[in-house]
file input_11.txt (compact mmCIF, N, CA and C atoms)
# COMPACT_ATOMS: atom_id res chain seq x y z
N MET A 257 -22.63 31.02 17.82
CA MET A 257 -22.58 29.71 17.20
C MET A 257 -21.58 29.67 16.06
N SER A 258 -21.50 30.75 15.27
CA SER A 258 -20.57 30.75 14.14
C SER A 258 -19.12 30.82 14.59
N ASP A 259 -18.88 31.33 15.82
CA ASP A 259 -17.50 31.37 16.35
C ASP A 259 -16.96 29.97 16.56
N ILE A 260 -17.84 29.05 16.97
CA ILE A 260 -17.41 27.67 17.19
C ILE A 260 -16.96 27.05 15.87
N TYR A 261 -17.75 27.27 14.80
CA TYR A 261 -17.39 26.71 13.51
C TYR A 261 -16.12 27.35 12.95
N THR A 262 -15.98 28.65 13.12
CA THR A 262 -14.78 29.34 12.66
C THR A 262 -13.56 28.83 13.41
N ASN A 263 -13.72 28.63 14.70
CA ASN A 263 -12.62 28.12 15.50
C ASN A 263 -12.21 26.72 15.03
N ASN A 264 -13.19 25.89 14.68
CA ASN A 264 -12.88 24.54 14.18
C ASN A 264 -12.11 24.61 12.87
N TYR A 265 -12.50 25.52 11.98
CA TYR A 265 -11.78 25.66 10.72
C TYR A 265 -10.36 26.15 10.93
N VAL A 266 -10.17 27.04 11.88
CA VAL A 266 -8.83 27.54 12.19
C VAL A 266 -7.95 26.41 12.71
N ILE A 267 -8.50 25.58 13.57
CA ILE A 267 -7.73 24.45 14.10
C ILE A 267 -7.36 23.47 12.99
N VAL A 268 -8.30 23.18 12.10
CA VAL A 268 -8.02 22.28 10.98
C VAL A 268 -6.96 22.89 10.07
N ALA A 269 -7.04 24.20 9.82
CA ALA A 269 -6.05 24.87 8.98
C ALA A 269 -4.67 24.82 9.62
N ILE A 270 -4.60 25.02 10.92
CA ILE A 270 -3.30 24.94 11.62
C ILE A 270 -2.71 23.55 11.49
N PHE A 271 -3.53 22.52 11.69
CA PHE A 271 -3.03 21.15 11.57
C PHE A 271 -2.60 20.83 10.14
N LEU A 272 -3.33 21.32 9.15
CA LEU A 272 -2.93 21.09 7.76
C LEU A 272 -1.60 21.77 7.45
N ILE A 273 -1.45 23.02 7.92
CA ILE A 273 -0.19 23.73 7.69
C ILE A 273 0.97 23.01 8.38
N LEU A 274 0.75 22.61 9.63
CA LEU A 274 1.81 21.89 10.34
C LEU A 274 2.09 20.53 9.71
N GLY A 275 1.04 19.87 9.24
CA GLY A 275 1.20 18.57 8.59
C GLY A 275 2.01 18.63 7.31
N VAL A 276 1.99 19.75 6.63
CA VAL A 276 2.78 19.92 5.42
C VAL A 276 4.15 20.52 5.75
N LEU A 277 4.17 21.49 6.64
CA LEU A 277 5.39 22.23 6.93
C LEU A 277 6.43 21.40 7.68
N LEU A 278 6.02 20.63 8.68
CA LEU A 278 6.98 19.87 9.47
C LEU A 278 7.74 18.81 8.66
N PRO A 279 7.07 17.99 7.84
CA PRO A 279 7.85 17.03 7.04
C PRO A 279 8.76 17.71 6.02
N VAL A 280 8.28 18.79 5.41
CA VAL A 280 9.11 19.49 4.43
C VAL A 280 10.34 20.09 5.11
N ALA A 281 10.15 20.70 6.27
CA ALA A 281 11.27 21.29 7.01
C ALA A 281 12.24 20.21 7.47
N THR A 282 11.73 19.09 7.91
CA THR A 282 12.59 18.00 8.37
C THR A 282 13.44 17.45 7.24
N VAL A 283 12.81 17.20 6.11
CA VAL A 283 13.54 16.63 4.98
C VAL A 283 14.51 17.65 4.38
N SER A 284 14.12 18.90 4.35
CA SER A 284 14.92 19.92 3.68
C SER A 284 16.08 20.45 4.53
N PHE A 285 15.83 20.67 5.80
CA PHE A 285 16.83 21.36 6.61
C PHE A 285 17.47 20.48 7.67
N VAL A 286 16.69 19.73 8.41
CA VAL A 286 17.23 18.94 9.51
C VAL A 286 17.93 17.69 8.99
N GLY A 287 17.38 17.06 7.95
CA GLY A 287 17.96 15.84 7.40
C GLY A 287 19.40 15.99 6.95
N PRO A 288 19.73 16.99 6.13
CA PRO A 288 21.12 17.15 5.71
C PRO A 288 22.08 17.47 6.85
N LEU A 289 21.60 18.05 7.91
CA LEU A 289 22.47 18.34 9.04
C LEU A 289 22.78 17.10 9.87
N LEU A 290 21.84 16.18 9.98
CA LEU A 290 22.00 15.03 10.86
C LEU A 290 22.57 13.78 10.19
N ARG A 291 22.31 13.60 8.90
CA ARG A 291 22.74 12.36 8.27
C ARG A 291 24.23 12.39 7.98
N PRO A 292 24.88 11.22 8.06
CA PRO A 292 26.31 11.17 7.73
C PRO A 292 26.51 11.31 6.23
N LYS A 293 27.51 12.08 5.86
CA LYS A 293 27.76 12.32 4.45
C LYS A 293 29.22 12.04 4.15
N LYS A 294 29.54 10.75 3.96
CA LYS A 294 30.89 10.36 3.60
C LYS A 294 30.81 9.36 2.45
N PRO A 295 30.62 9.84 1.24
CA PRO A 295 30.50 8.91 0.12
C PRO A 295 31.84 8.26 -0.19
N THR A 296 31.79 6.97 -0.38
CA THR A 296 32.99 6.23 -0.80
C THR A 296 32.64 5.47 -2.08
N ARG A 297 33.65 4.91 -2.67
CA ARG A 297 33.43 4.17 -3.92
C ARG A 297 32.55 2.95 -3.67
N GLU A 298 32.75 2.29 -2.52
CA GLU A 298 31.95 1.10 -2.21
C GLU A 298 30.49 1.46 -1.96
N LYS A 299 30.26 2.60 -1.33
CA LYS A 299 28.88 2.98 -1.04
C LYS A 299 28.12 3.39 -2.28
N GLN A 300 28.81 3.78 -3.32
CA GLN A 300 28.13 4.22 -4.54
C GLN A 300 27.94 3.10 -5.55
N THR A 301 28.37 1.90 -5.21
CA THR A 301 28.11 0.77 -6.10
C THR A 301 26.68 0.28 -5.89
N THR A 302 26.26 -0.64 -6.75
CA THR A 302 24.91 -1.15 -6.68
C THR A 302 24.68 -1.94 -5.40
N TYR A 303 25.64 -2.77 -5.02
CA TYR A 303 25.53 -3.59 -3.82
C TYR A 303 26.54 -3.09 -2.80
N GLU A 304 26.08 -2.78 -1.59
CA GLU A 304 26.99 -2.38 -0.53
C GLU A 304 27.56 -3.58 0.20
N SER A 305 27.17 -4.78 -0.18
CA SER A 305 27.61 -5.97 0.55
C SER A 305 29.02 -6.40 0.16
N GLY A 306 29.61 -5.75 -0.80
CA GLY A 306 30.95 -6.13 -1.22
C GLY A 306 30.96 -6.96 -2.48
N ASN A 307 29.79 -7.40 -2.93
CA ASN A 307 29.72 -8.17 -4.17
C ASN A 307 29.90 -7.23 -5.35
N ILE A 308 30.67 -7.67 -6.30
CA ILE A 308 30.88 -6.88 -7.51
C ILE A 308 29.71 -7.12 -8.44
N PRO A 309 29.03 -6.05 -8.90
CA PRO A 309 27.90 -6.23 -9.81
C PRO A 309 28.36 -6.83 -11.14
N VAL A 310 27.63 -7.84 -11.60
CA VAL A 310 27.96 -8.51 -12.85
C VAL A 310 26.75 -8.38 -13.78
N GLY A 311 27.00 -7.96 -14.98
CA GLY A 311 25.94 -7.88 -15.97
C GLY A 311 25.17 -6.58 -15.89
N ASP A 312 24.11 -6.54 -16.66
CA ASP A 312 23.28 -5.35 -16.75
C ASP A 312 22.32 -5.28 -15.57
N SER A 313 22.04 -4.08 -15.10
CA SER A 313 21.11 -3.94 -13.98
C SER A 313 19.65 -4.02 -14.42
N TRP A 314 19.40 -3.90 -15.71
CA TRP A 314 18.04 -4.01 -16.23
C TRP A 314 17.78 -5.44 -16.65
N VAL A 315 17.17 -6.21 -15.76
CA VAL A 315 16.89 -7.61 -16.01
C VAL A 315 15.39 -7.74 -16.25
N ARG A 316 15.02 -8.53 -17.24
CA ARG A 316 13.60 -8.74 -17.52
C ARG A 316 13.04 -9.80 -16.57
N PHE A 317 11.90 -9.46 -15.99
CA PHE A 317 11.18 -10.40 -15.15
C PHE A 317 9.89 -10.77 -15.86
N ASN A 318 9.42 -11.95 -15.56
CA ASN A 318 8.16 -12.40 -16.12
C ASN A 318 7.02 -11.57 -15.52
N VAL A 319 6.06 -11.21 -16.34
CA VAL A 319 4.95 -10.37 -15.90
C VAL A 319 4.11 -11.09 -14.85
N LYS A 320 4.13 -12.42 -14.86
CA LYS A 320 3.33 -13.18 -13.90
C LYS A 320 3.73 -12.88 -12.46
N TYR A 321 5.00 -12.57 -12.23
CA TYR A 321 5.42 -12.23 -10.87
C TYR A 321 4.71 -10.98 -10.38
N TYR A 322 4.62 -9.98 -11.22
CA TYR A 322 3.95 -8.74 -10.85
C TYR A 322 2.46 -8.95 -10.66
N ILE A 323 1.85 -9.71 -11.55
CA ILE A 323 0.42 -9.97 -11.45
C ILE A 323 0.12 -10.76 -10.19
N PHE A 324 0.98 -11.74 -9.88
CA PHE A 324 0.79 -12.53 -8.66
C PHE A 324 0.90 -11.63 -7.43
N ALA A 325 1.89 -10.74 -7.43
CA ALA A 325 2.06 -9.82 -6.30
C ALA A 325 0.86 -8.88 -6.17
N LEU A 326 0.35 -8.38 -7.29
CA LEU A 326 -0.82 -7.51 -7.24
C LEU A 326 -2.06 -8.26 -6.75
N MET A 327 -2.19 -9.50 -7.18
CA MET A 327 -3.33 -10.30 -6.71
C MET A 327 -3.24 -10.50 -5.21
N PHE A 328 -2.04 -10.76 -4.71
CA PHE A 328 -1.87 -10.94 -3.27
C PHE A 328 -2.25 -9.67 -2.52
N VAL A 329 -1.76 -8.54 -2.99
CA VAL A 329 -2.05 -7.28 -2.31
C VAL A 329 -3.54 -6.98 -2.34
N ILE A 330 -4.17 -7.19 -3.48
CA ILE A 330 -5.61 -6.92 -3.59
C ILE A 330 -6.40 -7.78 -2.62
N PHE A 331 -6.16 -9.08 -2.62
CA PHE A 331 -6.94 -9.96 -1.76
C PHE A 331 -6.57 -9.77 -0.29
N ASP A 332 -5.32 -9.41 -0.02
CA ASP A 332 -4.91 -9.18 1.35
C ASP A 332 -5.59 -7.94 1.91
N VAL A 333 -5.61 -6.87 1.16
CA VAL A 333 -6.23 -5.63 1.62
C VAL A 333 -7.75 -5.79 1.69
N GLU A 334 -8.31 -6.48 0.74
CA GLU A 334 -9.76 -6.65 0.74
C GLU A 334 -10.24 -7.49 1.91
N THR A 335 -9.46 -8.47 2.33
CA THR A 335 -9.88 -9.26 3.48
C THR A 335 -9.79 -8.47 4.77
N LEU A 336 -9.01 -7.40 4.79
CA LEU A 336 -8.98 -6.55 5.98
C LEU A 336 -10.32 -5.86 6.20
N PHE A 337 -11.10 -5.69 5.15
CA PHE A 337 -12.42 -5.09 5.30
C PHE A 337 -13.39 -6.02 6.01
N LEU A 338 -13.07 -7.30 6.09
CA LEU A 338 -13.95 -8.24 6.77
C LEU A 338 -13.89 -8.08 8.29
N TYR A 339 -12.78 -7.65 8.84
CA TYR A 339 -12.65 -7.56 10.30
C TYR A 339 -13.58 -6.54 10.93
N PRO A 340 -13.63 -5.29 10.46
CA PRO A 340 -14.59 -4.36 11.08
C PRO A 340 -16.04 -4.81 10.90
N TRP A 341 -16.32 -5.42 9.78
CA TRP A 341 -17.67 -5.92 9.54
C TRP A 341 -18.01 -7.02 10.53
N ALA A 342 -17.07 -7.91 10.79
CA ALA A 342 -17.33 -9.02 11.72
C ALA A 342 -17.51 -8.51 13.15
N VAL A 343 -16.80 -7.46 13.51
CA VAL A 343 -16.93 -6.92 14.86
C VAL A 343 -18.29 -6.25 15.05
N ALA A 344 -18.76 -5.54 14.06
CA ALA A 344 -20.01 -4.78 14.19
C ALA A 344 -21.18 -5.49 13.51
N TYR A 345 -21.10 -6.80 13.34
CA TYR A 345 -22.11 -7.53 12.57
C TYR A 345 -23.50 -7.41 13.20
N LYS A 346 -23.60 -7.56 14.52
CA LYS A 346 -24.92 -7.53 15.17
C LYS A 346 -25.58 -6.16 15.08
N GLN A 347 -24.80 -5.11 15.05
CA GLN A 347 -25.36 -3.76 15.00
C GLN A 347 -25.75 -3.35 13.58
N LEU A 348 -25.13 -3.97 12.57
CA LEU A 348 -25.35 -3.54 11.20
C LEU A 348 -26.63 -4.11 10.58
N GLY A 349 -26.95 -5.32 10.92
CA GLY A 349 -28.20 -5.90 10.44
C GLY A 349 -28.10 -6.58 9.08
N LEU A 350 -29.27 -6.78 8.47
CA LEU A 350 -29.38 -7.54 7.23
C LEU A 350 -28.76 -6.80 6.05
N PHE A 351 -28.85 -5.48 6.04
CA PHE A 351 -28.29 -4.71 4.93
C PHE A 351 -26.79 -4.95 4.80
N ALA A 352 -26.09 -4.96 5.94
CA ALA A 352 -24.64 -5.18 5.92
C ALA A 352 -24.31 -6.61 5.49
N LEU A 353 -25.17 -7.55 5.84
CA LEU A 353 -24.96 -8.94 5.41
C LEU A 353 -25.05 -9.04 3.90
N VAL A 354 -26.05 -8.40 3.31
CA VAL A 354 -26.21 -8.42 1.85
C VAL A 354 -25.01 -7.74 1.19
N GLU A 355 -24.59 -6.60 1.75
CA GLU A 355 -23.42 -5.90 1.20
C GLU A 355 -22.19 -6.78 1.24
N MET A 356 -21.98 -7.50 2.35
CA MET A 356 -20.79 -8.34 2.48
C MET A 356 -20.87 -9.55 1.57
N VAL A 357 -22.05 -10.08 1.34
CA VAL A 357 -22.20 -11.20 0.40
C VAL A 357 -21.84 -10.73 -1.01
N ILE A 358 -22.28 -9.54 -1.38
CA ILE A 358 -21.92 -8.99 -2.69
C ILE A 358 -20.41 -8.78 -2.78
N PHE A 359 -19.83 -8.24 -1.72
CA PHE A 359 -18.39 -7.98 -1.68
C PHE A 359 -17.59 -9.28 -1.82
N ILE A 360 -17.95 -10.28 -1.05
CA ILE A 360 -17.23 -11.56 -1.11
C ILE A 360 -17.46 -12.25 -2.45
N SER A 361 -18.65 -12.11 -3.01
CA SER A 361 -18.88 -12.72 -4.33
C SER A 361 -18.02 -12.05 -5.40
N LEU A 362 -17.81 -10.75 -5.31
CA LEU A 362 -16.90 -10.08 -6.25
C LEU A 362 -15.47 -10.58 -6.08
N LEU A 363 -15.05 -10.82 -4.83
CA LEU A 363 -13.72 -11.38 -4.61
C LEU A 363 -13.61 -12.78 -5.20
N VAL A 364 -14.65 -13.57 -5.05
CA VAL A 364 -14.64 -14.94 -5.59
C VAL A 364 -14.61 -14.89 -7.12
N VAL A 365 -15.35 -13.97 -7.73
CA VAL A 365 -15.32 -13.83 -9.19
C VAL A 365 -13.91 -13.45 -9.64
N GLY A 366 -13.25 -12.54 -8.94
CA GLY A 366 -11.87 -12.17 -9.26
C GLY A 366 -10.92 -13.33 -9.11
N LEU A 367 -11.12 -14.13 -8.07
CA LEU A 367 -10.26 -15.30 -7.87
C LEU A 367 -10.47 -16.34 -8.96
N ILE A 368 -11.71 -16.57 -9.34
CA ILE A 368 -11.99 -17.52 -10.43
C ILE A 368 -11.39 -17.03 -11.74
N TYR A 369 -11.50 -15.74 -12.00
CA TYR A 369 -10.91 -15.17 -13.21
C TYR A 369 -9.40 -15.36 -13.23
N ALA A 370 -8.76 -15.09 -12.10
CA ALA A 370 -7.30 -15.27 -12.02
C ALA A 370 -6.93 -16.75 -12.16
N TRP A 371 -7.75 -17.61 -11.61
CA TRP A 371 -7.47 -19.04 -11.69
C TRP A 371 -7.59 -19.53 -13.14
N ARG A 372 -8.59 -19.06 -13.84
CA ARG A 372 -8.77 -19.47 -15.24
C ARG A 372 -7.68 -18.92 -16.15
N LYS A 373 -7.18 -17.73 -15.83
CA LYS A 373 -6.08 -17.15 -16.61
C LYS A 373 -4.73 -17.73 -16.22
N LYS A 374 -4.74 -18.64 -15.26
CA LYS A 374 -3.55 -19.34 -14.77
C LYS A 374 -2.50 -18.38 -14.22
N VAL A 375 -3.00 -17.34 -13.54
CA VAL A 375 -2.10 -16.38 -12.90
C VAL A 375 -1.50 -16.98 -11.63
N LEU A 376 -2.21 -17.87 -11.00
CA LEU A 376 -1.78 -18.41 -9.71
C LEU A 376 -0.87 -19.62 -9.84
N GLU A 377 -0.46 -19.96 -11.04
CA GLU A 377 0.41 -21.12 -11.25
C GLU A 377 1.86 -20.68 -11.47
N TRP A 378 2.77 -21.33 -10.79
CA TRP A 378 4.20 -21.09 -11.00
C TRP A 378 4.71 -22.04 -12.07
N ASN A 379 5.64 -21.57 -12.86
CA ASN A 379 6.28 -22.44 -13.86
C ASN A 379 7.70 -22.73 -13.45

call {"tool": "encode", "arguments": {"input": "input_11.txt", "output": "structure tokens"}}
result
Amino acid sequence: MSDIYTNNYVIVAIFLILGVLLPVATVSFVGPLLRPKKPTREKQTTYESGNIPVGDSWVRFNVKYYIFALMFVIFDVETLFLYPWAVAYKQLGLFALVEMVIFISLLVVGLIYAWRKKVLEWN
């Protein structure tokens, strides 16, 4: 019986080693051999489209843009949790319904908070 468990650990260890070793080897050794390496003055500019960069590259953006993007990502990812729940709803029972009501109410509280802070308004 212990041979089966040892064998499983060996397989997991092999996959972990390969999972780390293959990407490192690809990036370190195979990548430099295959990629084209002909740097030109145009390729080393900020824009490769031929536009001449004007002004400083460090431009200040309003924090609201970042907060709006984070809010979108949070609510977008959180709504993905609704799909597996909806598929397995009949098998999960009342406990899962209560859990999902709590989950959705937390999302609604976050949305109300963002709405009151006027994060969702463009100027």

call {"tool": "select_by_dssp", "arguments": {"input": "input_11.txt", "residues": "chain A", "states": "alpha helix (DSSP H)", "output": "PyMOL selection string"}}
result
chain A and resi 258-281+287-290+319-336+338-343+345-348+350-372

call {"tool": "closest_residue", "arguments": {"input": "input_11.txt", "among": "A:Val310, A:Ile273, A:Ile330, A:Ile323", "to": "A:Lys374", "atoms": "only C-alpha atoms"}}
result
A:Ile323

call {"tool": "atom_distance", "arguments": {"input": "input_11.txt", "atom1": "atom CA of A:Val333", "atom2": "atom CA of A:Glu355"}}
result
17.2 Å
